Structure formats: C-alpha cells, structure tokens
>>> print(open('entry06.cif').read())   # mmCIF, C-alpha atoms
data_query
#
loop_
_atom_site.label_atom_id
_atom_site.label_comp_id
_atom_site.auth_asym_id
_atom_site.auth_seq_id
_atom_site.Cartn_x
_atom_site.Cartn_y
_atom_site.Cartn_z
CA MET A 1114 51.63 29.21 219.20
CA THR A 1115 48.60 27.66 220.86
CA ASP A 1116 46.15 27.53 217.99
CA SER A 1117 46.70 24.14 216.38
CA THR A 1118 45.46 25.35 212.97
CA ASP A 1119 47.97 28.18 212.94
CA ALA A 1120 50.71 25.86 214.09
CA ALA A 1121 49.93 23.45 211.26
CA ALA A 1122 49.88 26.25 208.73
CA SER A 1123 53.23 27.66 209.73
CA GLU A 1124 55.00 24.33 210.13
CA THR A 1125 57.59 23.54 207.48
CA ILE A 1126 57.40 20.01 206.13
CA GLU A 1127 60.77 18.55 205.18
CA THR A 1128 60.64 15.65 202.76
CA ASP A 1129 62.46 13.87 199.95
CA VAL A 1130 59.86 14.46 197.29
CA VAL A 1131 56.76 16.56 196.74
CA VAL A 1132 54.49 15.19 194.03
CA ILE A 1133 52.14 17.77 192.56
CA GLY A 1134 49.02 16.02 191.36
CA ALA A 1135 47.29 12.91 192.68
CA GLY A 1136 46.17 11.52 189.33
CA PRO A 1137 47.27 8.05 188.19
CA CYS A 1138 50.80 9.18 187.31
CA GLY A 1139 51.33 11.06 190.56
CA LEU A 1140 50.07 8.07 192.53
CA PHE A 1141 52.25 5.59 190.66
CA ALA A 1142 55.24 7.89 191.14
CA VAL A 1143 54.78 7.36 194.89
CA PHE A 1144 55.15 3.62 194.24
CA GLU A 1145 58.29 3.84 192.14
CA LEU A 1146 59.87 6.39 194.49
CA GLY A 1147 58.86 4.28 197.47
CA LEU A 1148 60.69 1.23 196.12
CA LEU A 1149 63.81 3.40 196.19
CA ASP A 1150 63.08 4.50 199.78
CA LEU A 1151 62.02 8.02 198.88
CA ARG A 1152 59.16 9.43 200.94
CA CYS A 1153 56.53 11.59 199.32
CA HIS A 1154 54.05 14.28 200.11
CA VAL A 1155 51.33 14.54 197.46
CA VAL A 1156 49.42 17.76 196.87
CA ASP A 1157 46.24 18.06 194.80
CA ILE A 1158 43.74 20.85 194.22
CA LEU A 1159 40.89 18.31 194.21
CA ASP A 1160 39.50 16.89 197.43
CA ARG A 1161 40.37 13.26 196.65
CA PRO A 1162 42.83 11.16 194.67
CA GLY A 1163 42.40 10.18 191.03
CA GLY A 1164 42.75 13.44 189.11
CA GLN A 1165 40.97 13.62 185.78
CA CYS A 1166 40.09 9.92 185.93
CA VAL A 1167 37.93 10.54 188.97
CA GLU A 1168 36.87 14.12 188.30
CA LEU A 1169 35.96 13.73 184.63
CA TYR A 1170 35.08 10.08 184.07
CA PRO A 1171 34.86 8.02 187.28
CA GLU A 1172 32.42 5.55 185.74
CA LYS A 1173 33.75 5.47 182.21
CA PRO A 1174 35.73 2.42 181.11
CA ILE A 1175 39.43 2.61 180.26
CA TYR A 1176 40.59 -0.20 177.96
CA ASP A 1177 44.31 0.43 177.56
CA VAL A 1178 45.82 -0.05 180.98
CA PRO A 1179 48.12 -3.09 180.62
CA ALA A 1180 46.63 -6.29 182.07
CA LEU A 1181 43.34 -4.62 182.90
CA PRO A 1182 41.04 -5.23 179.91
CA LEU A 1183 38.52 -2.83 181.42
CA VAL A 1184 38.87 -0.56 184.40
CA THR A 1185 36.88 2.53 185.33
CA GLY A 1186 38.58 5.78 186.29
CA GLN A 1187 37.50 5.32 189.90
CA GLU A 1188 38.67 1.70 190.07
CA LEU A 1189 42.05 2.65 188.66
CA ALA A 1190 42.49 5.34 191.31
CA ASP A 1191 41.31 2.98 194.06
CA ARG A 1192 43.75 0.26 192.99
CA LEU A 1193 46.65 2.67 192.80
CA MET A 1194 45.83 3.92 196.30
CA GLU A 1195 45.92 0.32 197.50
CA GLN A 1196 49.20 -0.32 195.68
CA ILE A 1197 50.99 2.67 197.24
CA LYS A 1198 49.65 2.16 200.74
CA PRO A 1199 52.85 0.48 202.05
CA PHE A 1200 54.76 3.69 201.34
CA GLU A 1201 52.47 5.81 203.50
CA PRO A 1202 52.36 8.91 201.31
CA LYS A 1203 51.07 12.05 203.02
CA PHE A 1204 48.25 13.64 201.07
CA HIS A 1205 47.34 17.31 201.01
CA PHE A 1206 44.01 17.58 199.22
CA SER A 1207 42.18 20.78 198.25
CA GLU A 1208 45.53 22.51 198.15
CA ARG A 1209 47.46 24.06 195.33
CA ILE A 1210 51.20 24.73 195.24
CA ASP A 1211 51.49 28.40 194.36
CA GLY A 1212 55.13 29.26 194.95
CA LEU A 1213 58.34 27.42 194.13
CA THR A 1214 61.79 28.81 194.89
CA ARG A 1215 65.20 27.25 195.32
CA GLU A 1216 66.95 27.52 198.68
CA SER A 1217 70.67 28.14 199.06
CA ASP A 1218 71.19 24.49 200.06
CA GLY A 1219 69.72 23.35 196.73
CA ARG A 1220 66.38 22.22 198.09
CA PHE A 1221 63.08 23.62 196.87
CA ARG A 1222 60.72 25.64 198.99
CA LEU A 1223 57.10 25.13 198.00
CA VAL A 1224 54.24 27.15 199.44
CA SER A 1225 50.61 26.13 199.04
CA ASP A 1226 47.56 28.38 198.81
CA GLN A 1227 46.70 27.17 202.33
CA GLY A 1228 50.04 28.34 203.66
CA THR A 1229 51.67 24.93 203.94
CA VAL A 1230 55.43 25.14 203.38
CA PHE A 1231 57.46 22.23 202.06
CA LEU A 1232 61.24 21.93 201.88
CA THR A 1233 62.05 19.16 199.44
CA LYS A 1234 64.97 17.81 197.46
CA VAL A 1235 62.89 16.79 194.48
CA VAL A 1236 59.69 18.08 192.90
CA VAL A 1237 57.60 15.87 190.63
CA ILE A 1238 55.04 17.74 188.56
CA ALA A 1239 52.31 15.26 187.67
CA ALA A 1240 49.65 17.87 187.16
CA GLY A 1241 47.94 16.45 184.08
CA GLY A 1242 46.12 19.23 182.27
CA GLY A 1243 46.93 21.65 185.06
CA SER A 1244 44.91 22.51 188.11
CA PHE A 1245 41.15 22.25 188.09
CA THR A 1246 39.66 25.72 188.43
CA PRO A 1247 36.07 26.94 188.27
CA LYS A 1248 34.93 27.88 184.78
CA ARG A 1249 34.59 31.60 184.27
CA PRO A 1250 31.51 32.43 182.19
CA PRO A 1251 32.60 34.48 179.16
CA LEU A 1252 30.75 37.61 180.28
CA PRO A 1253 32.65 40.79 179.39
CA GLY A 1254 34.18 42.44 182.46
CA ILE A 1255 33.54 39.50 184.81
CA GLU A 1256 37.20 39.25 185.93
CA THR A 1257 37.14 42.76 187.42
CA HIS A 1258 34.40 41.65 189.84
CA GLU A 1259 35.91 38.35 190.94
CA GLY A 1260 36.47 38.33 194.68
CA THR A 1261 34.29 41.40 195.27
CA SER A 1262 30.96 40.53 193.70
CA VAL A 1263 31.60 37.41 191.63
CA PHE A 1264 32.44 34.30 193.62
CA TYR A 1265 33.09 30.65 192.81
CA SER A 1266 32.97 29.70 196.47
CA VAL A 1267 32.19 31.59 199.65
CA ARG A 1268 34.24 31.32 202.84
CA LYS A 1269 31.96 33.31 205.12
CA ILE A 1270 28.24 33.32 204.50
CA GLU A 1271 27.92 36.48 206.61
CA SER A 1272 30.08 38.38 204.13
CA LEU A 1273 27.19 38.35 201.67
CA ARG A 1274 24.52 39.54 204.12
CA GLY A 1275 22.13 42.07 202.63
CA ARG A 1276 23.22 41.46 199.04
CA ASP A 1277 21.16 40.86 195.94
CA ILE A 1278 22.50 37.41 195.14
CA VAL A 1279 22.26 35.58 191.83
CA VAL A 1280 23.33 31.94 191.74
CA ILE A 1281 23.70 30.29 188.32
CA GLY A 1282 23.65 26.54 187.78
CA GLY A 1283 21.70 23.36 188.40
CA GLY A 1284 24.05 21.07 190.29
CA ASP A 1285 24.78 20.54 193.95
CA SER A 1286 27.05 23.59 194.30
CA ALA A 1287 24.41 25.92 192.89
CA LEU A 1288 21.62 24.47 195.01
CA ASP A 1289 23.68 24.26 198.20
CA TRP A 1290 24.73 27.89 197.93
CA THR A 1291 21.19 29.00 197.09
CA LEU A 1292 19.93 27.32 200.24
CA SER A 1293 22.70 28.45 202.56
CA LEU A 1294 22.88 32.05 201.34
CA GLN A 1295 19.13 32.69 201.07
CA PRO A 1296 18.69 33.48 204.80
CA VAL A 1297 21.23 36.34 204.67
CA ALA A 1298 20.41 37.63 201.19
CA LYS A 1299 18.38 40.74 200.45
CA SER A 1300 17.15 38.89 197.39
CA MET A 1301 18.04 35.47 196.06
CA THR A 1302 17.62 34.40 192.44
CA LEU A 1303 18.60 31.01 191.09
CA VAL A 1304 19.18 31.06 187.34
CA HIS A 1305 19.34 27.80 185.43
CA ARG A 1306 18.94 27.04 181.74
CA ARG A 1307 16.21 24.43 182.25
CA ASP A 1308 13.70 23.43 184.89
CA GLU A 1309 15.58 20.24 185.67
CA PHE A 1310 18.34 19.93 188.24
CA ARG A 1311 21.23 17.55 188.66
CA ALA A 1312 21.47 18.36 192.35
CA ALA A 1313 20.34 16.02 195.12
CA PRO A 1314 16.52 15.74 195.04
CA HIS A 1315 16.34 16.80 198.68
CA SER A 1316 18.04 20.15 197.92
CA VAL A 1317 15.83 20.66 194.88
CA ASP A 1318 12.73 20.10 197.03
CA GLN A 1319 13.99 22.61 199.61
CA MET A 1320 14.69 25.15 196.86
CA ARG A 1321 11.20 24.69 195.38
CA ALA A 1322 9.65 25.16 198.82
CA LEU A 1323 11.50 28.48 199.19
CA VAL A 1324 10.31 29.48 195.73
CA ALA A 1325 6.74 28.70 196.76
CA GLN A 1326 7.19 30.88 199.86
CA GLY A 1327 8.49 33.72 197.69
CA LYS A 1328 11.92 33.62 199.33
CA VAL A 1329 13.79 32.47 196.25
CA ARG A 1330 13.12 33.39 192.66
CA LEU A 1331 13.79 30.62 190.17
CA ALA A 1332 14.51 31.99 186.71
CA ILE A 1333 14.77 29.59 183.78
CA GLY A 1334 17.15 31.27 181.39
CA GLN A 1335 20.65 32.65 181.36
CA VAL A 1336 22.72 35.62 182.38
CA THR A 1337 24.04 37.30 179.25
CA ALA A 1338 25.71 40.50 180.49
CA LEU A 1339 26.84 42.38 183.59
CA GLN A 1340 26.19 46.03 184.42
CA ALA A 1341 28.50 47.83 186.81
CA ASP A 1342 28.98 51.29 188.20
CA GLY A 1343 32.73 51.49 188.11
CA ASN A 1344 33.90 48.40 189.96
CA ASN A 1345 30.56 47.80 191.66
CA LEU A 1346 28.36 45.19 190.07
CA GLN A 1347 24.83 46.61 189.95
CA SER A 1348 22.76 44.21 187.87
CA VAL A 1349 22.91 41.38 185.38
CA THR A 1350 20.98 40.92 182.17
CA LEU A 1351 18.70 37.94 182.54
CA ARG A 1352 17.40 36.39 179.35
CA THR A 1353 14.36 34.12 179.71
CA ALA A 1354 11.67 32.91 177.32
CA ASP A 1355 9.82 36.16 178.18
CA GLY A 1356 12.66 38.39 177.04
CA GLU A 1357 15.43 40.29 178.74
CA GLU A 1358 15.41 42.10 182.07
CA ALA A 1359 17.93 43.84 184.30
CA LEU A 1360 18.10 41.85 187.51
CA PRO A 1361 19.55 43.73 190.51
CA CYS A 1362 22.66 41.87 191.56
CA ASN A 1363 25.72 42.73 193.60
CA ALA A 1364 26.82 39.17 194.28
CA MET A 1365 26.90 36.53 191.57
CA LEU A 1366 27.91 32.89 191.99
CA PRO A 1367 28.27 31.06 188.65
CA PHE A 1368 28.64 27.26 188.75
CA PHE A 1369 29.59 25.87 185.35
CA GLY A 1370 31.91 23.14 186.53
CA LEU A 1371 35.67 22.99 186.38
CA THR A 1372 38.27 23.39 183.70
CA MET A 1373 42.01 22.78 183.70
CA LYS A 1374 44.48 25.64 183.69
CA LEU A 1375 48.26 25.42 183.91
CA GLY A 1376 48.07 27.87 186.82
CA PRO A 1377 51.04 28.79 189.02
CA ILE A 1378 53.39 26.28 187.32
CA ALA A 1379 53.77 28.91 184.59
CA ASN A 1380 55.54 31.19 187.10
CA TRP A 1381 58.24 28.80 188.29
CA GLY A 1382 60.84 29.72 185.71
CA LEU A 1383 60.60 26.41 183.84
CA ASN A 1384 60.87 26.25 180.07
CA LEU A 1385 57.38 25.79 178.70
CA ASN A 1386 56.06 24.85 175.31
CA GLU A 1387 52.38 25.57 174.66
CA ASN A 1388 51.44 25.06 178.31
CA LEU A 1389 53.40 21.81 178.51
CA VAL A 1390 56.68 21.21 180.30
CA PRO A 1391 59.45 19.89 178.03
CA VAL A 1392 61.52 17.07 179.56
CA ASP A 1393 64.28 14.72 178.50
CA THR A 1394 63.34 11.09 177.95
CA GLU A 1395 65.98 9.55 180.19
CA ARG A 1396 65.04 11.20 183.48
CA PHE A 1397 61.91 13.20 182.59
CA GLU A 1398 63.57 16.17 184.16
CA THR A 1399 62.55 19.73 183.31
CA SER A 1400 64.90 22.60 182.48
CA GLU A 1401 65.50 22.86 186.24
CA LYS A 1402 67.59 20.12 187.88
CA GLY A 1403 65.58 18.33 190.54
CA ILE A 1404 62.19 19.24 189.07
CA PHE A 1405 60.66 16.42 187.06
CA ALA A 1406 57.47 16.34 185.01
CA ILE A 1407 55.56 13.17 184.20
CA GLY A 1408 52.23 12.32 182.61
CA ASP A 1409 50.03 14.57 180.48
CA ILE A 1410 51.78 17.78 181.57
CA ASN A 1411 55.13 16.99 179.93
CA SER A 1412 56.22 17.02 176.33
CA TYR A 1413 59.01 15.31 174.39
CA PRO A 1414 59.37 13.99 170.86
CA GLY A 1415 56.84 11.20 170.31
CA LYS A 1416 54.90 11.95 173.51
CA LEU A 1417 51.59 10.11 173.88
CA LYS A 1418 49.17 11.25 176.56
CA LEU A 1419 48.49 7.75 177.82
CA ILE A 1420 48.29 6.57 181.42
CA LEU A 1421 50.69 3.74 180.60
CA SER A 1422 53.25 6.20 179.25
CA GLY A 1423 53.01 8.18 182.47
CA PHE A 1424 53.71 5.01 184.47
CA HIS A 1425 56.87 4.38 182.45
CA GLU A 1426 57.93 7.99 182.96
CA ALA A 1427 57.40 7.61 186.72
CA ALA A 1428 59.73 4.60 186.87
CA LEU A 1429 62.59 6.33 185.04
CA MET A 1430 62.09 9.59 186.91
CA ALA A 1431 62.36 7.72 190.24
CA GLN A 1432 65.85 6.44 189.35
CA ALA A 1433 67.05 9.98 188.66
CA ALA A 1434 65.28 11.36 191.74
CA SER A 1435 67.02 8.76 193.89
CA ARG A 1436 70.44 9.96 192.68
CA ILE A 1437 69.55 13.50 193.72
CA VAL A 1438 68.19 12.58 197.15
CA ASN A 1439 70.97 10.09 197.90
CA PRO A 1440 74.00 11.20 195.91
CA GLY A 1441 76.65 8.55 195.65
CA LYS A 1442 74.31 5.75 196.66
CA LYS A 1443 74.23 3.02 194.05
CA VAL A 1444 70.73 2.41 192.72
CA LEU A 1445 70.40 -1.34 192.50
CA PHE A 1446 67.93 -2.46 189.86
CA GLN A 1447 65.66 -5.13 191.30
CA TYR A 1448 62.41 -6.93 190.53
CA THR A 1449 59.51 -6.95 192.99
CA THR A 1450 58.96 -10.61 192.05
CA SER A 1451 62.29 -11.78 193.41
CA SER A 1452 63.82 -9.09 195.59
CA SER A 1453 63.31 -9.80 199.28
CA SER A 1454 64.25 -6.21 200.14
CA LEU A 1455 61.61 -4.76 197.79
CA GLN A 1456 59.06 -7.24 199.10
CA LYS A 1457 59.86 -6.14 202.63
CA LYS A 1458 59.13 -2.55 201.66
CA LEU A 1459 55.86 -3.66 200.12
CA GLY A 1460 54.93 -5.47 203.31
CA VAL A 1461 54.87 -8.89 201.61
CA LYS A 1462 54.72 -11.54 204.34
CA MET B 1232 32.50 9.61 154.66
CA ALA B 1233 30.35 12.61 155.40
CA LYS B 1234 30.95 16.31 154.92
CA ILE B 1235 30.46 18.62 157.90
CA THR B 1236 30.62 22.39 157.78
CA PHE B 1237 31.66 24.37 160.84
CA ILE B 1238 30.71 28.06 160.86
CA GLN B 1239 32.78 30.28 163.16
CA PRO B 1240 31.28 33.24 165.06
CA ASP B 1241 32.90 35.61 162.54
CA GLY B 1242 31.05 33.89 159.68
CA THR B 1243 33.98 32.02 158.18
CA SER B 1244 33.27 28.40 157.45
CA GLN B 1245 35.31 25.23 157.07
CA THR B 1246 34.04 22.03 155.53
CA VAL B 1247 35.73 18.82 156.61
CA THR B 1248 35.10 15.14 155.97
CA GLY B 1249 34.72 12.54 158.66
CA ASP B 1250 34.41 8.79 158.57
CA ILE B 1251 31.11 7.12 159.34
CA GLY B 1252 31.14 6.04 163.00
CA MET B 1253 33.39 8.87 164.17
CA THR B 1254 31.98 11.74 166.14
CA VAL B 1255 31.60 15.29 164.86
CA MET B 1256 34.09 16.36 167.57
CA GLU B 1257 36.71 13.90 166.27
CA ALA B 1258 36.27 15.18 162.72
CA ALA B 1259 36.73 18.73 164.03
CA LYS B 1260 39.86 17.89 166.03
CA LEU B 1261 41.42 15.91 163.14
CA ASN B 1262 40.97 18.94 160.92
CA ASN B 1263 42.01 21.56 163.48
CA VAL B 1264 38.64 23.29 163.50
CA GLU B 1265 39.01 26.32 165.73
CA GLY B 1266 36.90 26.62 168.87
CA ILE B 1267 36.36 22.89 169.48
CA GLU B 1268 38.44 22.20 172.56
CA ALA B 1269 37.24 18.78 173.72
CA GLU B 1270 39.23 18.99 176.93
CA CYS B 1271 38.08 15.57 178.17
CA GLY B 1272 38.78 13.81 174.90
CA GLY B 1273 35.21 12.81 174.13
CA ALA B 1274 33.98 11.40 177.42
CA CYS B 1275 30.97 13.74 177.59
CA ALA B 1276 32.56 15.17 180.70
CA CYS B 1277 33.61 18.76 180.02
CA ALA B 1278 31.24 20.57 177.63
CA THR B 1279 34.06 22.20 175.65
CA CYS B 1280 33.02 20.80 172.26
CA HIS B 1281 29.69 22.65 172.29
CA VAL B 1282 28.16 23.45 168.90
CA TYR B 1283 24.84 24.72 167.60
CA VAL B 1284 23.25 22.39 165.07
CA ASP B 1285 21.62 24.33 162.25
CA ASP B 1286 17.79 24.28 162.40
CA ALA B 1287 17.49 22.28 159.20
CA TRP B 1288 19.60 19.45 160.62
CA ARG B 1289 18.13 19.03 164.06
CA SER B 1290 15.73 16.28 163.10
CA VAL B 1291 18.61 14.32 161.56
CA THR B 1292 21.05 14.64 164.45
CA GLY B 1293 18.37 13.91 167.03
CA SER B 1294 18.29 15.29 170.55
CA PRO B 1295 20.74 15.02 173.44
CA SER B 1296 20.63 12.06 175.83
CA ALA B 1297 19.95 12.71 179.52
CA MET B 1298 23.69 12.55 180.22
CA GLU B 1299 24.44 15.04 177.47
CA GLU B 1300 21.67 17.37 178.72
CA ASP B 1301 23.26 17.28 182.17
CA MET B 1302 26.64 18.12 180.72
CA LEU B 1303 25.16 20.96 178.64
CA ASP B 1304 24.50 22.66 181.99
CA PHE B 1305 28.26 23.29 181.99
CA ALA B 1306 28.24 24.97 178.58
CA PHE B 1307 27.66 28.69 178.12
CA ASP B 1308 24.88 30.24 176.04
CA VAL B 1309 23.00 27.00 175.51
CA ARG B 1310 20.31 27.31 172.84
CA GLU B 1311 17.80 25.05 171.19
CA GLY B 1312 20.26 23.53 168.74
CA SER B 1313 22.98 23.05 171.35
CA ARG B 1314 24.83 19.76 171.23
CA LEU B 1315 28.12 18.42 172.47
CA SER B 1316 29.83 17.43 169.25
CA CYS B 1317 31.47 14.39 170.89
CA GLN B 1318 27.98 12.95 171.24
CA VAL B 1319 26.95 13.41 167.60
CA LYS B 1320 27.91 10.33 165.59
CA ILE B 1321 28.70 10.67 161.93
CA THR B 1322 26.29 8.66 159.82
CA ALA B 1323 25.57 8.69 156.10
CA ALA B 1324 22.42 10.66 156.89
CA ILE B 1325 24.32 13.65 158.27
CA ASP B 1326 26.40 14.17 155.12
CA GLY B 1327 26.27 17.95 154.61
CA LEU B 1328 25.65 18.79 158.28
CA VAL B 1329 26.10 22.44 159.25
CA VAL B 1330 27.00 23.40 162.82
CA ARG B 1331 27.96 26.72 164.37
CA VAL B 1332 30.82 27.10 166.81
CA PRO B 1333 30.04 29.31 169.86
CA ALA B 1334 31.99 32.50 170.45
CA LYS B 1335 33.69 30.89 173.46
CA GLN B 1336 33.65 27.39 174.91
CA PHE B 1337 34.66 28.98 178.26
#
>>> encode(input="entry06.cif", output="structure tokens")
Amino acid sequence: MTDSTDAAASETIETDVVVIGAGPCGLFAVFELGLLDLRCHVVDILDRPGGQCVELYPEKPIYDVPALPLVTGQELADRLMEQIKPFEPKFHFSERIDGLTRESDGRFRLVSDQGTVFLTKVVVIAAGGGSFTPKRPPLPGIETHEGTSVFYSVRKIESLRGRDIVVIGGGDSALDWTLSLQPVAKSMTLVHRRDEFRAAPHSVDQMRALVAQGKVRLAIGQVTALQADGNNLQSVTLRTADGEEALPCNAMLPFFGLTMKLGPIANWGLNLNENLVPVDTERFETSEKGIFAIGDINSYPGKLKLILSGFHEAALMAQAASRIVNPGKKVLFQYTTSSSSLQKKLGVK
Amino acid sequence: MAKITFIQPDGTSQTVTGDIGMTVMEAAKLNNVEGIEAECGGACACATCHVYVDDAWRSVTGSPSAMEEDMLDFAFDVREGSRLSCQVKITAAIDGLVVRVPAKQF
C-alpha cells in the first residue's frame, strides 16, 4: 500500500479503551482511566471536543460544576482537555463508530464511518444525547431522496454540475454551499425565511453580489413540499409573501442545524430503554460485559443528567474497566494529592 | 400562577398552570405537553420548543430577541407568531395565553 490515506484507513488500531463521545464525561473518563494506566482513543462525530457543551451552549454559563461557581461550556471543555493532556489520548474527530462486534478473543472490533478499525478490550459509551446529525426538514417523502437529490453535505462539487440547486438556510453552511456550488449549477436558489443572515458578512456580501448579477436567486420564504417523478426530485413548492410557486429543483441542500439521534448504538445488541442504555450503579456497565455507558446516555434508578454525575460514573467505571484490561492486577485506591505514582503519571514535577 | 393553553395540530388542547418566572417551555415539560421537545433544556440552542403564539397574545408576549430570531432559523415552518417557548417568560400578564404546537419540531 503506497497511498498513505488508504494505509491509515485500513490500519487496525489496538488499544485498551475506546471512548465514544468527547463531551465532558468522555473527556473525564480519559482522566480516570489514565490514572489506572489505561490508554484511550476517543471518537466523536463533531469536529472538536466538548460535545453538547460546545456545540449547543459554548458561551452559556454552567453553575453546578463543583468548585467552579461559573464556567462556560467552552471553558469546561478547554479545562478538561488540559487536565487529560498527560494521558495523551488519541482523538478521532468527525468520525462516528458504526459497527461493534465481539472478537473470539473477547475484544471488541469497532469500525467507524471513515473506515477506521479499532480492536479494544473496553468500550465506553459517553455519547450524551446520541450523535449529532443534520436535521431533516419534515417534508413528506424527503427521506427517499436523501443521497440522490437531497444532501446535508457534498463531497464532490462536480457531482452536482448542471443541476437545479436549492439551498435552504441562513448560516455559514448554507452560504458557503451557495457560493461554492453556484459555478457548477444550472440554477441556484437560496431560500431563507428572512432577509437577514447569520453567516459571515463576507459570504453574505458575495452572495448578494451574485444575486445582483442574476447568478443566484434569493427567495425569502420556505420550502413546503417536494414534487418527484418516481424517485427523481423535480421541483419544490416555494412559499413566499407573493404566494406559492413550483421551483425546478433536482438537488436540495437544507441546513437547519443539528439534532441528536441515538444512531448506530441502537444496533449493537445492548439492552435499551427509551433510547437510553441501562447500566448498573457499581460499574456503569451495560448488558454487555466490557461495554460501559456513562453520562446522559445511560439510565439507572435515580439518574440525574448532570455533568457532575457523569464524572462520578467515569471514576467508578474506570475501576471496573481496569479489572477487565488487567485481570488479576490489584487496583490500588490512591489520591492524586498524596500518591507519588499518580503524580508521576500526571507529570507533576 | 398563570394558565397556558397548548393547542395540538389535531385541535386537541391542554391547559396547564405555570409559576410566574418560569418559561412556557418549562410549564409544558412539567405537564408533559406533547410536541415540546426542548432538546437543549432551555438554552435557546436547539429550536425544538417552537410554538405559534395566538394572534391575540402577540402584543403581550412581545417579540423574539436577536438571539431567538437566529435560533428560529433552525425551526421549520416559521410564521409570524413563531416563538421558542423557552424564551417566553411566564408573567401575570400572560395568564390565559394560547399557543399552538407545530405539527413537527423536526
């Protein structure tokens, strides 16, 4: 294999633990596991650490993290990243674990949507509300066109050459795709509910210039229905202040933000209860030995979806994970304040 | 305390009471009103607690802030009375408020 990308994709990563989710609980799990000498790979669908805290409310204050009277979602993620640095976790961002199977030697084989393969002794599901996925507008029949004429991202711009493209939204994604797809489009319409855009002013200016040149149509309104000939999207119903019209369209890109879905976790053979993963409260282990679930994704009697509860769960889970990775090895309980061996691991000089 | 009526897309309605100072979303969640998801828990960060404020009540509830307007871009079928219910505070003045729940939050 000479192509380095291919080589990377086909390489199997062997590790002690794979943590699914880089939110606060997943990050703190790296810390607790690290104190017990377990090495982690962390996978997250988002392109950076922090999970919901960073994706949903980076600037909003959190008041109930012990000893931090006020911390923003972003600060919390930043501090956790600093705290786990000594353990050198390997991050895999913009990746989702799709497949999980057990090998004959008892380890788990995880495969990501990017083709990365992990062989691991322990899996920690710290996936919060599930994986962030693009919101699907509730337009009847839309799912039959996804991947052929409805897209939430585009890998190859060329693949949409010559199409009647409709982009919906007013943020950076909508504007960026309008600008980058316009040169190859047969027609390009940007639909947004109001004549105000959240996107970077520079992109908005570029879009308005293209509108002035007649290269992009800006429609203030909304798409309310799809018309297809069999599986081929033909047009969309555009509702504006002037009424309704059928807008020719065989490629639609709706950008309504992200929502959380349980996703592939549902297919791993774990017991589930209303999209949550039941665990015991001693080890926070799921119905499958070696697979743990911590944070918002788990359920047990008295469960509170609090960051601080997830931290506690991470600490107890790590003890049980250690017994699986190193069977027979005594887990010595120690304090970071006084243990020279823990301080060595933390890089305390 | 204030009474708030939620009308579902099928026409059924549910009247709940909420404490002054709460949000309309919180009153809905406490009373299991269908169709109010509030995925982000009230941070004005997800647009899944979208409601339509009845015409008669719009002057009382006021209009969305700039942040809420931005977040309404993520809601579907936004109309003139669209609000995110986590951003509508319950005051004595809104006692009797009527809001409609959209067919789908997403």
>>> closest_residue(input="entry06.cif", among="A:Ala1338, A:Ala1142, A:Ile1404, A:Ile1126", to="chain B", atoms="all atoms listed in the file")
A:Ala1338
>>> residues_near_point(input="entry06.cif", point="(19.5, 24.7, 159.2)", cutoff="9 Å", atoms="all atoms listed in the file", output="PyMOL selection string")
chain B and resi 1284-1289+1328-1330
>>> atom_distance(input="entry06.cif", atom1="atom CA of Val1297 of chain A", atom2="atom CA of Cys1362 of chain A")
14.3 Å
>>> closest_atom_pairs(input="entry06.cif", of="chain B", to="chain A", cutoff="7 Å", atoms="only C-alpha atoms", output="Markdown table")
| residue | atom | partner | partner_atom | distance |
| --- | --- | --- | --- | --- |
| B:Ala1274 | CA | A:Tyr1170 | CA | 6.9 |
| B:Ala1276 | CA | A:Leu1169 | CA | 5.4 |
| B:Asp1301 | CA | A:Arg1311 | CA | 6.8 |
| B:Asp1304 | CA | A:Phe1369 | CA | 6.9 |
| B:Phe1305 | CA | A:Phe1369 | CA | 4.4 |
| B:Ala1306 | CA | A:Phe1369 | CA | 7.0 |
| B:Phe1307 | CA | A:Pro1250 | CA | 6.7 |
| B:Lys1335 | CA | A:Pro1251 | CA | 6.8 |
| B:Phe1337 | CA | A:Pro1251 | CA | 5.9 |
>>> resolve_selection(input="entry06.cif", expression="the PyMOL selection byres ((chain B and resi 1265) around 12)", output="ChimeraX atom specification")
/B:1237-1241,1243-1245,1256,1258-1264,1266-1269,1279-1282,1331-1336
>>> residues_around(input="entry06.cif", residues="segment 1255-1267 of chain A", least_positions_apart="4", cutoff="10 Å", atoms="all atoms listed in the file", output="number ranges by chain")
A: 1246-1251, 1271-1273, 1276, 1278-1280, 1286-1287, 1290, 1294, 1338-1341, 1343-1347, 1362-1370
>>> atom_distance(input="entry06.cif", atom1="atom CA of Cys1153 of chain A", atom2="atom CA of Val1184 of chain A")
26.1 Å
>>> residues_around(input="entry06.cif", residues="Ala1239 of chain A", least_positions_apart="5", cutoff="7 Å", atoms="all atoms listed in the file", output="PyMOL selection string")
chain A and resi 1132-1134+1138-1139+1406-1408+1410
>>> atom_distance(input="entry06.cif", atom1="atom CA of Asp1285 of chain A", atom2="atom CA of Leu1351 of chain A")
21.7 Å
>>> residues_around(input="entry06.cif", residues="Ile1235 of chain B", least_positions_apart="4", cutoff="7 Å", atoms="all atoms listed in the file", output="list in words")
Thr1246, Val1247, Thr1248, Asp1326, Gly1327, Leu1328 and Val1329 of chain B
>>> closest_atom_pairs(input="entry06.cif", of="segment 1193-1275 of chain A", to="segment 1429-1434 of chain A", cutoff="10 Å", atoms="all atoms listed in the file", output="Markdown table")
| residue | atom | partner | partner_atom | distance |
| --- | --- | --- | --- | --- |
| A:Lys1234 | CA | A:Ala1434 | CA | 8.6 |
| A:Val1235 | CA | A:Ala1434 | CA | 6.5 |
| A:Val1236 | CA | A:Ala1434 | CA | 8.8 |
| A:Val1237 | CA | A:Met1430 | CA | 8.6 |
>>> closest_residue(input="entry06.cif", among="A:Ile1333, A:Ile1437, A:Leu1181, A:Ala1427", to="Pro1137 of chain A", atoms="all atoms listed in the file")
A:Ala1427
>>> resolve_selection(input="entry06.cif", expression="the PyMOL selection byres ((chain A and resi 1206) around 8)", output="ChimeraX atom specification")
/A:1156-1162,1204-1205,1207-1208
>>> closest_residue(input="entry06.cif", among="A:Thr1233, A:Ser1300, A:Gln1326, A:Asn1411", to="Val1130 of chain A", atoms="all atoms listed in the file")
A:Thr1233
>>> residues_near_point(input="entry06.cif", point="(52.1, 2.7, 200.2)", cutoff="9 Å", atoms="only C-alpha atoms", output="PyMOL selection string")
chain A and resi 1143-1144+1147+1194-1202+1458-1459
>>> resolve_selection(input="entry06.cif", expression="the PyMOL selection byres ((chain B and resi 1316-1322) around 6)", output="JSON, numbers by chain")
{"B": [1251, 1252, 1253, 1254, 1255, 1256, 1273, 1280, 1314, 1315, 1323, 1324, 1325]}
>>> residues_around(input="entry06.cif", residues="Ala1379 of chain A", least_positions_apart="4", cutoff="12 Å", atoms="all atoms listed in the file", output="list in words")
Ile1210, Asp1211, Gly1212, Leu1213, Ile1238, Gly1243, Ser1244, Lys1374, Leu1375, Leu1383, Asn1384, Leu1385, Asn1386, Glu1387, Asn1388, Leu1389, Val1390 and Ile1410 of chain A
